[in-house]
>>> print(open('target-v5.cif').read())   # mmCIF, C-alpha atoms
data_model
loop_
_atom_site.group_PDB
_atom_site.id
_atom_site.type_symbol
_atom_site.label_atom_id
_atom_site.label_comp_id
_atom_site.auth_asym_id
_atom_site.auth_seq_id
_atom_site.Cartn_x
_atom_site.Cartn_y
_atom_site.Cartn_z
ATOM 1 C CA MET A 1 -11.339 -3.428 -4.418
ATOM 2 C CA ILE A 2 -14.308 -5.210 -2.806
ATOM 3 C CA LYS A 3 -13.771 -8.244 -5.036
ATOM 4 C CA ASP A 4 -10.097 -8.415 -4.044
ATOM 5 C CA VAL A 5 -10.955 -8.228 -0.345
ATOM 6 C CA VAL A 6 -13.524 -11.015 -0.714
ATOM 7 C CA PHE A 7 -11.205 -13.381 -2.584
ATOM 8 C CA SER A 8 -7.912 -12.541 -0.873
ATOM 9 C CA ALA A 9 -9.272 -12.250 2.678
ATOM 10 C CA GLY A 10 -12.892 -13.385 2.916
ATOM 11 C CA LEU A 11 -12.527 -16.813 1.344
ATOM 12 C CA PRO A 12 -9.283 -17.685 3.196
ATOM 13 C CA TYR A 13 -10.987 -16.675 6.443
ATOM 14 C CA ALA A 14 -14.003 -18.848 5.628
ATOM 15 C CA LEU A 15 -11.663 -21.749 4.842
ATOM 16 C CA TYR A 16 -9.907 -21.267 8.181
ATOM 17 C CA LEU A 17 -13.236 -21.394 10.042
ATOM 18 C CA LEU A 18 -14.336 -24.462 8.071
ATOM 19 C CA LEU A 19 -11.133 -26.414 8.709
ATOM 20 C CA SER A 20 -11.077 -25.410 12.372
ATOM 21 C CA SER A 21 -14.653 -26.580 12.813
ATOM 22 C CA GLN A 22 -13.663 -29.930 11.272
ATOM 23 C CA GLY A 23 -10.938 -30.437 13.870
ATOM 24 C CA ALA A 24 -7.892 -29.255 11.921
ATOM 25 C CA SER A 25 -5.123 -27.699 13.978
ATOM 26 C CA THR A 26 -4.678 -23.924 13.981
ATOM 27 C CA VAL A 27 -1.389 -24.265 12.090
ATOM 28 C CA THR A 28 -2.936 -26.450 9.388
ATOM 29 C CA ALA A 29 -5.995 -24.223 8.996
ATOM 30 C CA LEU A 30 -3.887 -21.058 8.744
ATOM 31 C CA ALA A 31 -1.466 -22.642 6.283
ATOM 32 C CA ALA A 32 -4.348 -23.772 4.068
ATOM 33 C CA SER A 33 -6.010 -20.352 4.148
ATOM 34 C CA GLY A 34 -2.658 -18.760 3.311
ATOM 35 C CA ALA A 35 -2.235 -21.116 0.372
ATOM 36 C CA LEU A 36 -5.660 -20.084 -0.929
ATOM 37 C CA SER A 37 -4.675 -16.431 -0.642
ATOM 38 C CA ALA A 38 -1.411 -17.128 -2.507
ATOM 39 C CA ALA A 39 -3.334 -18.971 -5.238
ATOM 40 C CA TYR A 40 -5.561 -15.934 -5.772
ATOM 41 C CA THR A 41 -2.486 -13.703 -6.081
ATOM 42 C CA VAL A 42 -1.011 -16.026 -8.723
ATOM 43 C CA TYR A 43 -4.365 -16.068 -10.529
ATOM 44 C CA GLY A 44 -4.337 -12.265 -10.612
ATOM 45 C CA ILE A 45 -0.845 -12.215 -12.140
ATOM 46 C CA VAL A 46 -1.834 -14.761 -14.801
ATOM 47 C CA ARG A 47 -5.111 -12.970 -15.541
ATOM 48 C CA GLU A 48 -3.487 -9.573 -16.025
ATOM 49 C CA ARG A 49 -0.387 -11.033 -17.673
ATOM 50 C CA ARG A 50 1.680 -8.509 -15.761
ATOM 51 C CA VAL A 51 3.815 -8.844 -12.665
ATOM 52 C CA HIS A 52 3.228 -5.948 -10.272
ATOM 53 C CA ALA A 53 5.698 -5.157 -7.526
ATOM 54 C CA LEU A 54 2.901 -5.296 -4.935
ATOM 55 C CA ALA A 55 1.783 -8.722 -6.154
ATOM 56 C CA VAL A 56 5.345 -10.001 -5.804
ATOM 57 C CA ILE A 57 5.554 -8.639 -2.248
ATOM 58 C CA VAL A 58 2.199 -10.193 -1.320
ATOM 59 C CA LEU A 59 3.114 -13.557 -2.810
ATOM 60 C CA ALA A 60 6.581 -13.622 -1.247
ATOM 61 C CA ALA A 61 5.260 -12.683 2.191
ATOM 62 C CA THR A 62 2.466 -15.257 1.985
ATOM 63 C CA VAL A 63 4.751 -18.093 0.921
ATOM 64 C CA ALA A 64 7.327 -17.142 3.555
ATOM 65 C CA SER A 65 4.695 -17.058 6.293
ATOM 66 C CA ILE A 66 3.296 -20.462 5.262
ATOM 67 C CA ALA A 67 6.776 -21.992 5.218
ATOM 68 C CA ALA A 68 7.652 -20.535 8.629
ATOM 69 C CA THR A 69 4.301 -21.582 10.095
ATOM 70 C CA LEU A 70 4.792 -25.184 9.018
ATOM 71 C CA ALA A 71 8.503 -25.296 9.853
ATOM 72 C CA PHE A 72 8.093 -23.963 13.386
ATOM 73 C CA ASP A 73 4.610 -25.431 13.904
ATOM 74 C CA SER A 74 3.449 -22.050 15.144
ATOM 75 C CA PRO A 75 0.487 -19.956 14.002
ATOM 76 C CA TYR A 76 2.361 -16.764 14.912
ATOM 77 C CA PHE A 77 4.161 -16.574 11.560
ATOM 78 C CA ALA A 78 0.933 -16.963 9.581
ATOM 79 C CA LEU A 79 -0.708 -14.247 11.629
ATOM 80 C CA ALA A 80 2.304 -11.968 11.186
ATOM 81 C CA LYS A 81 1.943 -12.085 7.385
ATOM 82 C CA GLY A 82 -0.046 -8.859 7.272
ATOM 83 C CA SER A 83 2.589 -7.011 9.265
ATOM 84 C CA LEU A 84 5.287 -8.360 6.958
ATOM 85 C CA LEU A 85 3.362 -7.061 3.947
ATOM 86 C CA THR A 86 2.728 -3.543 5.206
ATOM 87 C CA GLY A 87 6.198 -3.426 6.727
ATOM 88 C CA SER A 88 7.699 -4.242 3.331
ATOM 89 C CA ILE A 89 5.614 -1.536 1.682
ATOM 90 C CA ALA A 90 6.730 0.913 4.383
ATOM 91 C CA VAL A 91 10.356 0.081 3.561
ATOM 92 C CA ALA A 92 9.610 0.708 -0.122
ATOM 93 C CA PHE A 93 8.188 4.153 0.674
ATOM 94 C CA ALA A 94 11.095 5.032 2.969
ATOM 95 C CA GLY A 95 13.698 3.708 0.545
ATOM 96 C CA SER A 96 12.250 5.736 -2.323
ATOM 97 C CA LEU A 97 13.219 8.904 -0.446
ATOM 98 C CA LEU A 98 16.790 8.101 -1.445
ATOM 99 C CA LEU A 99 15.869 7.969 -5.121
ATOM 100 C CA ARG A 100 15.546 10.820 -7.611
ATOM 101 C CA ARG A 101 11.779 10.910 -7.128
ATOM 102 C CA PRO A 102 9.882 9.443 -4.151
ATOM 103 C CA LEU A 103 7.198 6.808 -4.517
ATOM 104 C CA VAL A 104 4.239 9.139 -3.934
ATOM 105 C CA PHE A 105 5.232 11.196 -6.985
ATOM 106 C CA HIS A 106 4.879 8.131 -9.215
ATOM 107 C CA LEU A 107 1.702 6.872 -7.527
ATOM 108 C CA ALA A 108 0.033 10.258 -7.971
ATOM 109 C CA LEU A 109 0.494 10.014 -11.733
ATOM 110 C CA ILE A 110 -1.201 6.642 -12.155
ATOM 111 C CA GLY A 111 -4.164 7.061 -14.494
ATOM 112 C CA GLN A 112 -3.303 10.682 -15.301
ATOM 113 C CA ASP A 113 -3.215 12.023 -18.849
ATOM 114 C CA GLU A 114 -0.170 13.480 -20.582
ATOM 115 C CA GLY A 115 -1.111 17.021 -19.583
ATOM 116 C CA ALA A 116 -1.190 16.179 -15.884
ATOM 117 C CA ARG A 117 2.091 14.293 -16.177
ATOM 118 C CA ALA A 118 3.755 17.225 -17.922
ATOM 119 C CA GLU A 119 2.481 19.619 -15.243
ATOM 120 C CA ALA A 120 3.806 17.364 -12.469
ATOM 121 C CA GLU A 121 7.195 17.129 -14.172
ATOM 122 C CA ASP A 122 7.279 20.911 -14.531
ATOM 123 C CA LEU A 123 6.415 21.422 -10.862
ATOM 124 C CA TRP A 124 9.034 18.904 -9.793
ATOM 125 C CA GLY A 125 11.710 20.608 -11.868
ATOM 126 C CA THR A 126 10.873 24.208 -10.970
ATOM 127 C CA GLN A 127 9.238 24.214 -7.528
ATOM 128 C CA PRO A 128 11.262 23.082 -4.471
ATOM 129 C CA ARG A 129 8.057 23.282 -2.411
ATOM 130 C CA TYR A 130 6.437 20.651 -4.640
ATOM 131 C CA ARG A 131 9.352 18.304 -4.098
ATOM 132 C CA THR A 132 9.013 18.849 -0.347
ATOM 133 C CA ILE A 133 5.284 17.982 -0.487
ATOM 134 C CA MET A 134 5.970 14.729 -2.343
ATOM 135 C CA ARG A 135 8.697 13.725 0.110
ATOM 136 C CA ARG A 136 6.568 14.586 3.147
ATOM 137 C CA LEU A 137 3.704 12.462 1.859
ATOM 138 C CA THR A 138 6.074 9.572 1.151
ATOM 139 C CA LEU A 139 7.489 9.783 4.676
ATOM 140 C CA ALA A 140 3.967 9.975 6.137
ATOM 141 C CA TRP A 141 3.008 6.765 4.322
ATOM 142 C CA ALA A 142 6.120 4.991 5.569
ATOM 143 C CA LEU A 143 5.516 5.999 9.194
ATOM 144 C CA ALA A 144 1.800 5.185 9.089
ATOM 145 C CA LEU A 145 2.438 1.713 7.694
ATOM 146 C CA VAL A 146 5.107 1.028 10.312
ATOM 147 C CA VAL A 147 2.580 1.935 13.025
ATOM 148 C CA GLU A 148 -0.051 -0.297 11.398
ATOM 149 C CA ALA A 149 2.346 -3.242 11.082
ATOM 150 C CA THR A 150 3.535 -2.851 14.675
ATOM 151 C CA SER A 151 -0.042 -2.655 15.970
ATOM 152 C CA ARG A 152 -0.934 -5.951 14.314
ATOM 153 C CA ILE A 153 2.155 -7.665 15.723
ATOM 154 C CA LEU A 154 1.238 -6.518 19.228
ATOM 155 C CA LEU A 155 -2.325 -7.789 18.846
ATOM 156 C CA ILE A 156 -1.350 -11.351 17.866
ATOM 157 C CA PRO A 157 -0.844 -12.677 21.423
ATOM 158 C CA VAL A 158 -3.800 -10.683 22.765
ATOM 159 C CA LEU A 159 -6.684 -11.727 20.492
ATOM 160 C CA PRO A 160 -8.106 -15.153 19.613
ATOM 161 C CA VAL A 161 -7.039 -16.252 16.113
ATOM 162 C CA ALA A 162 -10.523 -15.959 14.576
ATOM 163 C CA VAL A 163 -10.941 -12.460 15.992
ATOM 164 C CA PHE A 164 -7.429 -11.378 15.039
ATOM 165 C CA LEU A 165 -7.953 -12.362 11.391
ATOM 166 C CA VAL A 166 -10.915 -9.991 11.161
ATOM 167 C CA VAL A 167 -9.219 -7.177 13.085
ATOM 168 C CA SER A 168 -6.053 -7.571 11.024
ATOM 169 C CA GLU A 169 -7.899 -7.111 7.734
ATOM 170 C CA ALA A 170 -9.843 -4.172 9.135
ATOM 171 C CA LEU A 171 -6.641 -2.465 10.293
ATOM 172 C CA TRP A 172 -4.957 -2.425 6.888
ATOM 173 C CA ILE A 173 -8.153 -1.301 5.139
ATOM 174 C CA VAL A 174 -8.589 1.560 7.608
ATOM 175 C CA ALA A 175 -4.897 2.474 7.419
ATOM 176 C CA PHE A 176 -4.796 2.609 3.624
ATOM 177 C CA ALA A 177 -8.143 4.434 3.401
ATOM 178 C CA ALA A 178 -7.051 7.008 5.997
ATOM 179 C CA MET A 179 -3.694 7.620 4.320
ATOM 180 C CA THR A 180 -5.293 7.870 0.885
ATOM 181 C CA ALA A 181 -7.768 10.456 2.204
ATOM 182 C CA PHE A 182 -4.964 12.359 3.939
ATOM 183 C CA SER A 183 -2.852 12.347 0.776
ATOM 184 C CA TRP A 184 -5.698 13.760 -1.299
ATOM 185 C CA TRP A 185 -6.485 16.406 1.331
ATOM 186 C CA TYR A 186 -2.969 17.533 2.175
ATOM 187 C CA GLY A 187 -1.454 17.043 -1.267
ATOM 188 C CA GLY A 188 -4.372 18.643 -3.078
ATOM 189 C CA ARG A 189 -4.462 21.622 -0.729
ATOM 190 C CA GLU A 190 -0.730 22.291 -0.826
ATOM 191 C CA ILE A 191 -0.370 21.811 -4.576
ATOM 192 C CA GLU A 192 -3.338 24.102 -5.205
ATOM 193 C CA LYS A 193 -1.641 26.807 -3.144
ATOM 194 C CA LEU A 194 1.595 26.226 -5.021
ATOM 195 C CA VAL A 195 -0.062 26.516 -8.437
ATOM 196 C CA GLU A 196 -1.813 29.732 -7.373
ATOM 197 C CA LEU A 197 1.489 31.275 -6.280
ATOM 198 C CA LYS A 198 3.426 30.052 -9.310
ATOM 199 C CA PRO A 199 4.582 33.052 -11.353
ATOM 200 C CA VAL A 200 2.969 33.424 -14.742
ATOM 201 C CA GLN A 201 5.419 33.267 -17.619
ATOM 202 C CA PRO A 202 5.290 36.406 -19.773
ATOM 203 C CA ALA A 203 3.864 35.924 -23.224
ATOM 204 C CA ALA A 204 6.328 35.868 -26.089
ATOM 205 C CA PRO A 205 6.402 39.082 -28.119
ATOM 206 C CA PRO A 206 4.577 38.894 -31.435
ATOM 207 C CA VAL A 207 6.663 38.144 -34.462
ATOM 208 C CA VAL A 208 6.706 41.134 -36.826
#
>>> encode(input="target-v5.cif", output="structure tokens")
Amino acid sequence: MIKDVVFSAGLPYALYLLLSSQGASTVTALAASGALSAAYTVYGIVRERRVHALAVIVLAATVASIAATLAFDSPYFALAKGSLLTGSIAVAFAGSLLLRRPLVFHLALIGQDEGARAEAEDLWGTQPRYRTIMRRLTLAWALALVVEATSRILLIPVLPVAVFLVVSEALWIVAFAAMTAFSWWYGGREIEKLVELKPVQPAAPPVV
């Protein structure tokens, strides 16, 4: 996590400051820093030899923001990249509510063993309350990310570019950390209650 922040945000920010100090225009400096960020995303895909949905979203948003920045000669589009990213993720969360299982259900099973997966599948199939918990958490993520994306958009014309770049990175880190903590607290508490109230299946009679 720390390594990703350094390479995807820290180095592009340092490049922006360097180019700006050398007299490059704001548009040029932002486009170059965005290109560095995109290069790191591509490196991650090549290194892992897997294409993650999030990596595709990040790369697409970065390339689109660079193209718009250069085409319109405006730094606004480069600065709006973060909002485009979290906004896209918010749409993914909201859209998953229309699917058979919402996104939070799948995210909660990442890294879990077969026993935990089987228990989650059993709860999903037998406990309406569990399905409600998963959908509520998915909706909470979607709303929180919309608020975060909107906040960054509103800050673009208010803050200097160098300050905004720092605040923008801080906002998404805080937003994701807060929502992760909330998901563990609320989801863990509610699922624990659900498991405690789940009726115990009677033991099968012995075979004579």
>>> residues_around(input="target-v5.cif", residues="Thr126 (chain A)", least_positions_apart="3", cutoff="12 Å", atoms="only C-alpha atoms", output="number ranges by chain")
A: 119-123, 129-131, 194-195, 198-199
>>> residues_around(input="target-v5.cif", residues="Thr62 (chain A)", least_positions_apart="3", cutoff="7 Å", atoms="only C-alpha atoms", output="list in words")
Gly34, Ala38, Val58, Leu59, Ser65, Ile66 and Lys81 of chain A
>>> atom_distance(input="target-v5.cif", atom1="CA of Ser25 (chain A)", atom2="CA of Tyr76 (chain A)")
13.3 Å
>>> resolve_selection(input="target-v5.cif", expression="the PyMOL selection byres ((chain A and resi 93) around 6)", output="ChimeraX atom specification")
/A:90-92,94-96,103,138,142
>>> residues_around(input="target-v5.cif", residues="region 159-165 of chain A", least_positions_apart="3", cutoff="8 Å", atoms="only C-alpha atoms", output="list in words")
Tyr13, Leu17, Leu79, Leu155, Ile156, Ser168 and Glu169 of chain A
>>> closest_residue(input="target-v5.cif", among="A:Leu30, A:Val104, A:Val166, A:Leu139", to="Trp184 (chain A)", atoms="only C-alpha atoms")
A:Val104
>>> closest_residue(input="target-v5.cif", among="A:Leu145, A:Ile153, A:Leu18, A:Ala9", to="Phe77 (chain A)", atoms="only C-alpha atoms")
A:Ile153
>>> atom_distance(input="target-v5.cif", atom1="CA of Ala31 (chain A)", atom2="CA of Ala80 (chain A)")
12.3 Å
>>> closest_residue(input="target-v5.cif", among="A:Ile89, A:Ala116, A:Ala71, A:Val27", to="Ala55 (chain A)", atoms="all atoms listed in the file")
A:Ile89
